[in-house]
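Undergrad: Before we start, here is the structure in question, set down as structure tokens.
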Amino acid sequence: MSRTRSRSDSIREDEELRLPRPPGVLRRFWARHPVVADVMLTILCILLSLTPAARLDPSLPEPFAFLLSVLGPTAVVLACATLLWRRRVPLLPAVTAYALEMLFLFSVFPGGSPLLLVAAYSLAVYSSSRLAWITYAGGLTVLFAVGALLWGTGAITLQSGSNAVLAAVVLGLIGTLIGVNVGNRKRYLDAVIARSRQLLVERDQQAQLAAAAERARIAREMHDIVSHSLTVIVALSEGAAATPDRDQARAAASTAADTARSALTEMRLMLGVLRDDDAPLPLAPAQPVEPRDTVAAAQRAGYPVTLAVSGSADLPPATAHAVGRIVQEGVTNAMRHAPGATAVRVRIDHGADSVRIDIRNDGVSGQVGSEGFGLRGLSERAAHARGTLQSGPTGPGSWLLRAELPLTADASAQHAAALTLAPTPEEHP
């Protein structure tokens, strides 16, 4: 089952890479049927190697000549059979090929075995070019030394020894040169294909990461829209139900309706972007939330929220959006978790290198909660803008939410890895 799955995965990757078909009918057949190709190649080498192995030097002593005539064909068959392992163990056919060439030192046939040609080629293709050249030089050195020793002792003639050595030089050189060329090209193509497959995997991973980041961004946006709007609507509805003045109740109900329409408009815009397949998903809405609008909505709901702004600066879109959402979430938390607050102070200080947002409120009671997504989303917003976020109690019944976002490249670099939550609360109690 695992073999079938891995093969299908490989086919799918090749289809995604859009690799062209290998040229040539025979080449495609050899590539698809390697065992058949090796068997046919082994049989061909055996047939072409039996002739020189059978024609030995007649001047050899009779017992020795008879022994070689019997062992020669057997050695040829065994040596050529090693070609069946030329893809997995390419050094084995090369070694046996040079050993077989030593047998041809006793032959008077002017030529060697094609086994050496195929073995040298296979070693360069399926192992390495360096090993192929080392084996070629070492095999010829040993063959020449053995031939010189046998000729010096009178065991072979100069002609038979020269024929065997010269045939080994030519066949080994041709096989090595062709194998080096084909092997280098094969390894280069394998590296290119492997790199292309790696890029496919990295592309899929990047797409998954981008999708996860986009889901987190949409979750933050939806949380901020729904949480703030519903908090204001609940406060206005409760105020309208509690007041005996019909005019105040009507004004509160009208403000609640306006707040609901505004929230519905923002949600429709976001859902419209999600449903449009051709529209790219932005990292932030085009129009950031204005802190003054957030404070005004809270004031209309009857909460003692004030806003103080010092300095002025043209904020980048991402920073302006983060400032608006931080103010919106901070005010919403104060409205939800400190309904008895007597003062909710929002202060925005525009500096030369950064902008700082402080949201202070009183009326906090009870233990600090550990559930919720508001401050977690604000921490992610601050980190996205390369800023810091701090949230925690500052005294009995008081709470401070502070965020500092850089404006310059130097300040961004200093805050690149900053994400502070002290004492790591999630929401107001």
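We label chains A, B, ... in the order they appear in the structure tokens, count residues from 1 in each chain, and number ligands from 1 in the order shown.
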May I have the residues within 10 Å of range 337-339 of chain A as a list in words, using only C-alpha atoms and disregarding those fewer than 5 positions away in the same chain?
TA: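 Everything that qualifies: Ala235, Tyr303, Thr332, Val344, Asn361, Asp362, Gly363, Val364, Ser365, Gly397, Ser398, Trp399, Glu427, His428 and Pro429 of chain A.
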Undergrad: Show which residues sit within 8 Å of Pro114 in chain A, as a list in words. Count only C-alpha atoms, and ignore same-chain residues fewer than 3 positions away.
TA: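 My reading of the contact set: Cys45, Leu48, Ser49, Leu117, Val118 and Leu171 of chain A.
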Undergrad: I need the residues of range 13-262 of chain A that end up classed as alpha helix (DSSP H) by DSSP on the backbone, written out as a ChimeraX atom specification.
TA: /A:13-17,25-32,34-54,62-81,91-103,114-126,129-152,158-242,246-262
Undergrad: Where does DSSP see strand (DSSP E or B) in range 148-337 of chain A, if you list the residues as a list in words?
TA: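 The strand (DSSP E or B) subset of range 148-337 of chain A is Val305, Thr306, Leu307, Ala308, Val309 and Ser310 of chain A.
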Undergrad: Let me make sure I understand: among A:Gln328, A:Thr176, A:Thr342, A:Gln248, which one has the smallest atom-to-atom distance to Tyr136 in chain A if we use only C-alpha atoms?
TA: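 Smallest separation from Tyr136 in chain A among the options: A:Thr176.
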Undergrad: Under the rule that only C-alpha atoms are counted, which of A:Leu407, A:Leu401, A:Met102, A:Leu123 is the nearest residue to Ala385 in chain A?
TA: A:Leu407
Undergrad: From the set A:Val165, A:Leu264, A:Ala301, A:Val125, which residue has the shortest atom-to-atom contact distance to Phe144 in chain A, counting only C-alpha atoms?
TA: A:Val165
